[in-house]
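This report refers to the structure that appears directly beneath it.
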Amino acid sequence: MEQSIDSSAGSGCHRDIISLDGIGFSYEQQPVISNLNFSVMERDFVGLIGSNGAGKTTLLKMIMGLLKPDKGEIRLFGTPISRFRDWHRIGYVPQKNAFNPLFPATVREVVLSGLYGRNKLLRKVTKDDHQRCEDALHALAIANLADKQIGRLSGGQQQRAFLARALINNPSLLILDEPTVGIDAETQEGFFHLIKHMHNRHNITFLMVSHDMEMIRSYLGEEPKTESGKLKFYVKHSHELEDCAETDLTHSLKGLRHVMESGKEGIHVGFVS
Ligand SMILES: Nc1ncnc2c1ncn2[C@@H]1O[C@H](COP(=O)(O)OP(=O)(O)OP(=O)(O)O)[C@@H](O)[C@H]1O
């Protein structure tokens with residue numbers, strides 16, 4: 001079955017961050033994704049919706065190079081994924097239930113582990129790395145939890161730690177896989193306020209899998225921009241935003257801390273600690 005979508009209309013001169021060209025994927029001859037064509041443009045916010053088994057996680061795994069499509073080509077930042085090496089430009093916030101609560105690491109260690117990238121080489125942590133870590137911990141208002149075991153935190157606190165981990169490399173693209181599943185409504189609201197703020201104020205592109213239709217519709221509009229099989233893509237393009245993005249990590253994190261601490265710009269970050 002032919003599946004074809006195009007979300008790039010009206011996105012101005014910005015470049016593609018993710019290009020999916022004719023992607024097909026099957027598990028043991030069982031097709032999950034067929035002929036998927038889709039582009040995520042710089043500073044878009046894409047909400048990916050689909051029923052259970054629609055192929056959302058499979059698609060994220062392909063984009064992160066963990067699964068190879070049977071057909072088609074994936075490009076990241078304009079480079080074919082087979083030659084892409086800049087994985088530090090991509091921050092990933094996993095599903096809460098993908099995390100083993102017995103994992104023996106402190107919050108600080110989890111956040112610092114975001115620096116190591118996918119090659120798993122443990123390089124020496126520099127003074128600058130520690131400063132970035134402290135900035136990320138402060139930005140997400142979890143500095144007071146830095147020495148606690150990650151498994152002893154609440155779900156909302158853990159998600160903040162994983163967001164800090166994803167932010168430590170100053171990513172250009174943030175991929176979030178149902179980041180608030182299993183978290184209470186108030187904490188979810190605070191989390192979405194924060195990522196919406198980051199999208200509005202900073203030069204970050206978002207791809208988020210979510211079942212939270214209320215959040216998706218209120219931020220990205222009532223109708224999906226495109227559909228492919230059971231996958232629906234809701235998109236807010238950069239031209240719908242104020243054009244005042246900051247790119248520098250220090251500014252970004254200081255900006256976030258400012259939001260967290262002062263509640264300015266009308267944003268209330270209602271995390272439950
Ligand atoms: N490793 C695997 N081997 C075989 N089939 C798989 C594998 N992983 C997923 N599938 C199947 O592929 C389909 C898509 O799975 P996927 O996890 O991508 O869906 P999803 O949209 O993320 O679902 P959910 O909302 O339930 O997380 C499902 O039918 C699933 O059973």
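By convention here, the chains of the structure tokens are called A, B, ... in the order presented, each chain's residues are numbered starting at 1, and ligands are numbered starting at 1 in the order presented.
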Worksheet entry | For segment 204-209 of chain A: contacts at 10 Å, only C-alpha atoms, fewer than 4 positions along chain excluded, given as a count of residues only | 46
Discussion item. Within 6 Å of ligand 1 (counting only C-alpha atoms and all ligand atoms), which residues show up? I'd like them as a ChimeraX atom specification.
Written reply: /A:27,32,50-58
Worksheet item: Do you know which residues are at most 10 Å from segment 101-109 of chain A counting only C-alpha atoms, after dropping those on the same chain fewer than 4 positions away, and could you put them as a ChimeraX atom specification?
Response: /A:96-97,113-114,130,133-134,136-137,142-153,157-158,160-162,164-165
Keeping C-alpha atoms, export the residues of the selection given above as a JSON list (two decimals), in the first residue's frame.
[["chain", "number", "residue", "atom", "x", "y", "z"],
["A", 96, "LYS", "CA", 9.87, 6.24, 31.81],
["A", 97, "ASN", "CA", 9.18, 2.52, 31.87],
["A", 113, "SER", "CA", 26.51, 10.09, 31.16],
["A", 114, "GLY", "CA", 24.83, 12.19, 28.47],
["A", 130, "HIS", "CA", 31.02, 19.48, 35.47],
["A", 133, "CYS", "CA", 26.16, 19.28, 34.47],
["A", 134, "GLU", "CA", 25.57, 21.71, 37.32],
["A", 136, "ALA", "CA", 21.60, 21.36, 33.62],
["A", 137, "LEU", "CA", 20.77, 20.23, 37.17],
["A", 142, "ILE", "CA", 17.03, 19.06, 40.55],
["A", 143, "ALA", "CA", 20.38, 20.31, 41.90],
["A", 144, "ASN", "CA", 19.23, 19.31, 45.38],
["A", 145, "LEU", "CA", 18.76, 15.72, 44.15],
["A", 146, "ALA", "CA", 22.18, 15.42, 42.46],
["A", 147, "ASP", "CA", 23.60, 12.87, 44.89],
["A", 148, "LYS", "CA", 20.46, 10.76, 45.22],
["A", 149, "GLN", "CA", 20.10, 7.37, 43.52],
["A", 150, "ILE", "CA", 18.04, 7.88, 40.36],
["A", 151, "GLY", "CA", 15.84, 4.88, 41.22],
["A", 152, "ARG", "CA", 14.71, 6.55, 44.44],
["A", 153, "LEU", "CA", 13.23, 9.58, 42.69],
["A", 157, "GLN", "CA", 11.94, 13.90, 39.03],
["A", 158, "GLN", "CA", 13.40, 11.05, 36.98],
["A", 160, "ARG", "CA", 13.69, 15.91, 34.70],
["A", 161, "ALA", "CA", 16.98, 14.05, 35.23],
["A", 162, "PHE", "CA", 16.66, 12.39, 31.80],
["A", 164, "ALA", "CA", 18.92, 17.27, 31.87],
["A", 165, "ARG", "CA", 20.94, 14.31, 30.52]]
Practice prompt. Write out as a PyMOL selection string all residues of segment 114-215 of chain A that backbone DSSP assigns to helix (DSSP H, G or I).
Written response: chain A and resi 127-139+143-145+150-152+155-167+185-201+213-215
Discussion item. Could you tell me how far atom CA of Ser210 of chain A sits from atom CA of Ala185 of chain A, in Å to one decimal place?
Written reply: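 Pair atom CA of Ala185 of chain A / atom CA of Ser210 of chain A returns 13.9 Å.
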Worksheet entry | Residue with smallest distance to Ile81 of chain A - pool A:Gly24, A:Pro69, A:Gly156, A:Gly190, counting only C-alpha atoms |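 Comparing A:Gly24, A:Pro69, A:Gly156, A:Gly190 against Ile81 of chain A, the winner is A:Pro69.
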Fill in: strand (DSSP E or B) per DSSP on the backbone: members of segment 31-226 of chain A, as an MDAnalysis selection string
chainID A and resid 31:41 45:49 71:76 79:80 90:93 106 149 173:177 202 205:209 226
Those same residues - N, CA and C atoms - I'd like them written as a short mmCIF file (atom, residue, chain, number, x, y, z; two decimals), in the first residue's frame.
data_model
loop_
_atom_site.label_atom_id
_atom_site.label_comp_id
_atom_site.auth_asym_id
_atom_site.auth_seq_id
_atom_site.Cartn_x
_atom_site.Cartn_y
_atom_site.Cartn_z
N PRO A 31 5.04 -6.35 7.85
CA PRO A 31 5.31 -4.93 7.61
C PRO A 31 4.79 -4.04 8.75
N VAL A 32 5.61 -3.11 9.18
CA VAL A 32 5.20 -2.15 10.21
C VAL A 32 5.12 -0.75 9.59
N ILE A 33 6.08 -0.41 8.76
CA ILE A 33 6.11 0.90 8.11
C ILE A 33 6.34 0.69 6.62
N SER A 34 5.51 1.36 5.79
CA SER A 34 5.65 1.21 4.34
C SER A 34 5.71 2.57 3.66
N ASN A 35 6.71 2.74 2.83
CA ASN A 35 6.87 3.94 1.99
C ASN A 35 6.56 5.24 2.73
N LEU A 36 7.25 5.44 3.81
CA LEU A 36 7.07 6.66 4.63
C LEU A 36 7.99 7.76 4.12
N ASN A 37 7.38 8.88 3.77
CA ASN A 37 8.13 10.06 3.34
C ASN A 37 7.78 11.21 4.27
N PHE A 38 8.78 11.75 4.93
CA PHE A 38 8.49 12.79 5.92
C PHE A 38 9.76 13.56 6.21
N SER A 39 9.61 14.88 6.40
CA SER A 39 10.77 15.70 6.77
C SER A 39 10.47 16.49 8.03
N VAL A 40 11.42 16.51 8.93
CA VAL A 40 11.35 17.40 10.09
C VAL A 40 12.32 18.53 9.81
N MET A 41 11.79 19.75 9.77
CA MET A 41 12.62 20.91 9.44
C MET A 41 13.18 21.53 10.72
N PHE A 45 8.40 21.52 15.76
CA PHE A 45 7.99 20.63 16.85
C PHE A 45 7.04 19.62 16.23
N VAL A 46 7.46 18.36 16.20
CA VAL A 46 6.64 17.31 15.61
C VAL A 46 6.13 16.40 16.72
N GLY A 47 4.82 16.23 16.77
CA GLY A 47 4.21 15.28 17.70
C GLY A 47 3.79 14.06 16.91
N LEU A 48 4.28 12.91 17.29
CA LEU A 48 3.99 11.66 16.58
C LEU A 48 2.99 10.85 17.39
N ILE A 49 1.85 10.60 16.77
CA ILE A 49 0.74 9.91 17.44
C ILE A 49 0.45 8.63 16.69
N LYS A 71 13.89 -0.57 3.40
CA LYS A 71 13.82 0.22 2.17
C LYS A 71 13.98 1.69 2.51
N GLY A 72 14.44 2.47 1.52
CA GLY A 72 14.47 3.92 1.67
C GLY A 72 15.74 4.43 2.33
N GLU A 73 15.76 5.74 2.53
CA GLU A 73 16.95 6.39 3.09
C GLU A 73 16.58 7.37 4.20
N ILE A 74 17.37 7.35 5.27
CA ILE A 74 17.23 8.33 6.35
C ILE A 74 18.43 9.25 6.30
N ARG A 75 18.18 10.55 6.34
CA ARG A 75 19.27 11.53 6.45
C ARG A 75 19.07 12.32 7.73
N LEU A 76 20.17 12.55 8.44
CA LEU A 76 20.14 13.38 9.65
C LEU A 76 21.02 14.58 9.41
N THR A 79 22.96 14.43 6.25
CA THR A 79 23.93 13.36 6.01
C THR A 79 23.24 12.00 6.06
N PRO A 80 23.51 11.12 5.08
CA PRO A 80 22.93 9.77 5.16
C PRO A 80 23.30 9.13 6.51
N ILE A 90 22.06 15.01 19.03
CA ILE A 90 20.71 14.48 19.27
C ILE A 90 20.57 14.08 20.74
N GLY A 91 19.62 14.70 21.41
CA GLY A 91 19.31 14.34 22.79
C GLY A 91 18.10 13.42 22.79
N TYR A 92 18.10 12.44 23.69
CA TYR A 92 17.02 11.46 23.71
C TYR A 92 16.47 11.32 25.13
N VAL A 93 15.17 11.45 25.26
CA VAL A 93 14.52 11.23 26.56
C VAL A 93 13.66 9.97 26.41
N THR A 106 23.78 7.80 40.59
CA THR A 106 23.18 9.02 41.14
C THR A 106 22.65 9.88 39.99
N GLN A 149 20.20 8.45 44.51
CA GLN A 149 20.10 7.37 43.52
C GLN A 149 18.89 7.67 42.63
N LEU A 173 18.61 18.60 18.19
CA LEU A 173 17.39 17.81 18.04
C LEU A 173 17.12 17.05 19.33
N LEU A 174 15.90 17.18 19.84
CA LEU A 174 15.51 16.41 21.03
C LEU A 174 14.42 15.42 20.62
N ILE A 175 14.67 14.14 20.92
CA ILE A 175 13.68 13.10 20.64
C ILE A 175 13.15 12.59 21.97
N LEU A 176 11.84 12.65 22.11
CA LEU A 176 11.22 12.23 23.38
C LEU A 176 10.21 11.13 23.09
N ASP A 177 10.34 10.00 23.79
CA ASP A 177 9.44 8.87 23.57
C ASP A 177 8.47 8.77 24.75
N HIS A 202 14.46 28.63 22.16
CA HIS A 202 15.79 28.11 21.85
C HIS A 202 15.78 27.35 20.54
N THR A 205 15.01 21.48 17.72
CA THR A 205 13.96 20.80 16.96
C THR A 205 13.47 19.63 17.81
N PHE A 206 12.15 19.44 17.82
CA PHE A 206 11.57 18.40 18.69
C PHE A 206 10.84 17.34 17.87
N LEU A 207 11.06 16.10 18.25
CA LEU A 207 10.24 14.99 17.76
C LEU A 207 9.78 14.23 18.99
N MET A 208 8.48 14.27 19.25
CA MET A 208 7.97 13.68 20.49
C MET A 208 6.84 12.70 20.21
N VAL A 209 7.03 11.47 20.66
CA VAL A 209 5.93 10.51 20.65
C VAL A 209 5.09 10.75 21.88
N THR A 226 0.17 15.52 8.49
CA THR A 226 0.30 14.42 7.56
C THR A 226 0.01 13.10 8.28
#
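In this structure, atom CA of Asn203 of chain A sits 21.1 Å away from atom CA of Pro94 of chain A.
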Worksheet item: Using only C-alpha atoms, which residue out of A:Gln159, A:Ser82, A:Thr187, A:Ser228 lies closest to Lys68 of chain A?
Response: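 Of all the options, A:Ser82 lies closest to Lys68 of chain A.
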